[in-house]
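Single-structure report; data block below.
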Amino acid sequence: MPVASPLSQVRALAHKWWPYLVIFVVVCFVSTADDWSPFSLARGTDSTVYGYIGQAMTQGRTPYTDAWDNKGPLLYTLNYLGMLLNDRYGIFLIGFAATLATGILGYAFARLFASRLTAVAASVVTLLTVTYTLAGGNLTEGYALPFIVAALYLIAQAVVSGRFTWWQSVVIGVCSAACFLLRINLVAPIVAFGLVLFVCTLVRRRVVAALQLAVHVAAGAVLTIIPFVVYLAAKGALRACLEAAYTSQFVTPPRSERLQSAYLILAFTNRTYVLAITATFLLVSAVLLVTRRISSTSTRVMVVATWAGMLVNLYANTITGAAYEHYATTFAAVMLFPVVCFFRLVERLTLAVAGRLDWASLTAGPRAVTAGAITLIVFVMSWGNIDYTVSTVAQNWSYRTHAGGADANYVDLIVSNTTPDDEVQVLGGIHPYLLLRSHRESASRFFYTPDGLYIDPGFAASARQEIADTINERPPELIIVSVPQQADWLTATPAGVGPLLDSSYERFFSDDNYIMFRRITT
């Protein structure tokens, strides 16, 4: 039996692994735009809050009762694991792993419908789309995306094969629960695709199979949620969690605000050109469905699932009545199938021009032409994202070498005026970056501007009162207030913190960013 030469073995490995290598390189590139990357000292407001809560958990504190925010417990658990890995780079590594998993799972999804080259192209476009919409990193959408893509991959696999196993259903439930435990409306794409699969199963008169699907999905979700419920109940934080993350987080905005929110989210998504492809795909596929021109059952189901995914996901993201760029991140998963179809069309048109439609029998020439065409289109589609990534890397580096020094000075002030056991209260229109870097705890669990707690006026009022009571009953060593946004907030509190400041604190530092009060020791 002939032994393969070392060169042929290398070629075989390269042929097998080049898609994953390309995806890894792209992830390395896009991750440098992350504010939590090693190239940056900048920190986004929300992502810093999550990092601070993760750090607080490493010190034995509990989310919601010791450090307040309104996201699901899985987000803080991931930040906790990141802080355990490494105080400086652990969260970045968790986010990097999530992005890499998204790329690989997106490639696996695309391979169900297209060649390797087309699948890699679709995965790369998805990753670059995420880069643009998920500026800052360490956000719920970035962590949810691999779970969403994994669930959609399993659903698509069941659609293509015409059957599904119990473990696939359980994993879909696990992924759904993970999204729910990050932020409740992130589960919307999975719900949409899953319902299409469930209905299709019923249409085929497989009632027992449909019921088994529902039971196994529910089992996977419950098994995932139970450990978090037990942990929070044991810590006495379950009610606080439910109130913060699952009861008061969503409001009922007027229809006009919802429509405006939907428009803005679609506008954010359209900046990557992917929405234009998806919109065209949906319109054309609708005509083809009505005229019964799509013969493949699996294609028809995926078209319907994409329609449902777009509409349900859009609705879910307008529940808050607000629109942010990172809300558009979850659409990357929904758009995978249209983007795959687009690149498959490009592939077939290129091969038709070359006079060969059989991919397996192509010579190197036409294959290179096809690869070049798809690469060029990926580049053109992604130019805005590439330009954004390059500029963000440059900004992060500039921040590291210049503005980062200013924040370091504030941290030095905190460290030099307190001990690790001292409490520091940071208030105003700022984030707890100073607490995070100085390893100091907040006296109150609230470090937002109380008026910024927009969930409902009653909650904001009670939070304001709780901060004032905490400062009066357990005076922190330092009180840091942002300037000029909330410089007068402390003196305007119902509990009257002003007299406490006058009698027990001295202003020892102020500039255009912060005022720092230090407790007078006798």
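Please note that chains go A, B, ... in the order of the structure tokens, that every chain numbers its residues from 1, and that ligands are numbered from 1 in the order shown.
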
Q: Please provide the set of residues having any atom within 10 Å of Ile94 of chain A, restricted to only C-alpha atoms, with same-chain residues fewer than 4 positions apart removed, written as an NGL selection string.
A: :A and (78-79 or 81-83 or 85 or 89-90 or 98-100 or 138 or 143)

Q) For Lys71 of chain A, which of A:Tyr107, A:Phe180, A:Tyr388, A:Tyr514 is the closest residue, counting only C-alpha atoms? A) A:Phe180

Q: Find, counting only C-alpha atoms, the residue in A:Ser256, A:Thr330, A:Asn385, A:Ser510 that gets nearest to Ile148 of chain A.
A: A:Thr330

Q) Out of A:Thr131, A:Ala178, A:Ala221, A:Val340, which residue has the shortest atom-to-atom distance to Ala33 of chain A when counting only C-alpha atoms? A)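 Of A:Thr131, A:Ala178, A:Ala221, A:Val340, the one nearest Ala33 of chain A, counting only C-alpha atoms, is A:Thr131.
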
Near segment 48-52 of chain A, 12 Å: segment 61-149 of chain A residue rows, closest pairs, only C-alpha atoms, as CSV:
```
residue,atom,partner,partner_atom,distance
A:Arg61,CA,A:Tyr52,CA,10.9
A:Thr62,CA,A:Tyr52,CA,11.6
A:Pro63,CA,A:Tyr50,CA,9.8
A:Tyr64,CA,A:Tyr50,CA,11.6
A:Asp66,CA,A:Tyr52,CA,11.3
A:Ala67,CA,A:Tyr52,CA,8.5
A:Trp68,CA,A:Val49,CA,8.9
A:Asp69,CA,A:Val49,CA,7.7
A:Asn70,CA,A:Tyr50,CA,10.1
A:Lys71,CA,A:Tyr50,CA,8.8
A:Gly72,CA,A:Tyr50,CA,10.6
A:Pro73,CA,A:Tyr50,CA,10.3
A:Leu74,CA,A:Tyr50,CA,10.7
A:Leu75,CA,A:Tyr50,CA,7.3
A:Tyr76,CA,A:Tyr50,CA,6.1
A:Thr77,CA,A:Tyr50,CA,9.5
A:Leu78,CA,A:Gly51,CA,9.3
A:Asn79,CA,A:Gly51,CA,5.6
A:Tyr80,CA,A:Gly51,CA,7.8
A:Leu81,CA,A:Gly51,CA,10.3
A:Gly82,CA,A:Gly51,CA,8.6
A:Met83,CA,A:Gly51,CA,7.9
A:Leu84,CA,A:Gly51,CA,11.4
A:Asn86,CA,A:Gly51,CA,11.8
A:Asp87,CA,A:Gly51,CA,9.6
A:Arg88,CA,A:Gly51,CA,10.3
A:Tyr89,CA,A:Gly51,CA,11.1
A:Gly90,CA,A:Gly51,CA,10.1
A:Ile91,CA,A:Gly51,CA,7.6
A:Phe92,CA,A:Gly51,CA,10.5
A:Ile94,CA,A:Gly51,CA,11.8
A:Gly136,CA,A:Thr48,CA,9.7
A:Gly137,CA,A:Thr48,CA,9.8
A:Asn138,CA,A:Tyr50,CA,7.7
A:Leu139,CA,A:Tyr50,CA,8.3
A:Thr140,CA,A:Tyr50,CA,9.6
```

Q | Close residues, Arg163 of chain A itself excluded, 10 Å, only C-alpha atoms, min 4 positions apart in chain, as a ChimeraX atom specification | A | /A:155,157-159,201,209

Q) segment 162-388 of chain A: which residues are alpha helix (DSSP H) by DSSP, as a ChimeraX atom specification? A) /A:166-182,188-203,207-234,238-241,255-270,274-290,297-317,331-334,336-354,364-388

(Q) Counting only C-alpha atoms, which residue out of A:Trp167, A:Leu288, A:Arg464, A:Val339 sits closest to Phe109 of chain A? (A)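 Among A:Trp167, A:Leu288, A:Arg464, A:Val339, it is A:Val339 that comes nearest to Phe109 of chain A.
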
Q) By how many Å are atom CA of Leu478 of chain A and atom CA of Met516 of chain A apart? A)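 Computing the Euclidean distance for atom CA of Leu478 of chain A and atom CA of Met516 of chain A yields 6.9 Å.
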
Q: Counting only C-alpha atoms, figure out which residue out of A:Ala468, A:Phe459, A:Gly106, A:Ile386 gets nearest to Glu243 of chain A.
A: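 Checking each of A:Ala468, A:Phe459, A:Gly106, A:Ile386 against Glu243 of chain A, counting only C-alpha atoms, the winner is A:Phe459.
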
Q: Tell me which of A:Pro189, A:Leu283, A:Ala328, A:Met335 sits closest to Gly309 of chain A, counting only C-alpha atoms.
A: A:Pro189

Q) Which residues come within 7 Å of Phe343 of chain A, counting only C-alpha atoms, excluding same-chain residues fewer than 4 positions away, as a VMD selection string? A) chain A and resid 118 339 347 374

Let's have the selection written as a compact mmCIF listing (two decimals), in the first residue's frame, with C-alpha atoms.
```txt
# COMPACT_ATOMS: atom_id res chain seq x y z
CA THR A 118 -19.65 29.95 -0.32
CA VAL A 339 -26.54 35.50 2.38
CA GLU A 347 -21.02 30.89 -7.58
CA ILE A 374 -16.83 35.82 -4.31
```

Q) At what distance in Å, to one decimal, does atom CA of Gln465 of chain A lie from atom CA of Val424 of chain A? A)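 Taking atom CA of Val424 of chain A and atom CA of Gln465 of chain A, their separation equals 17.8 Å.
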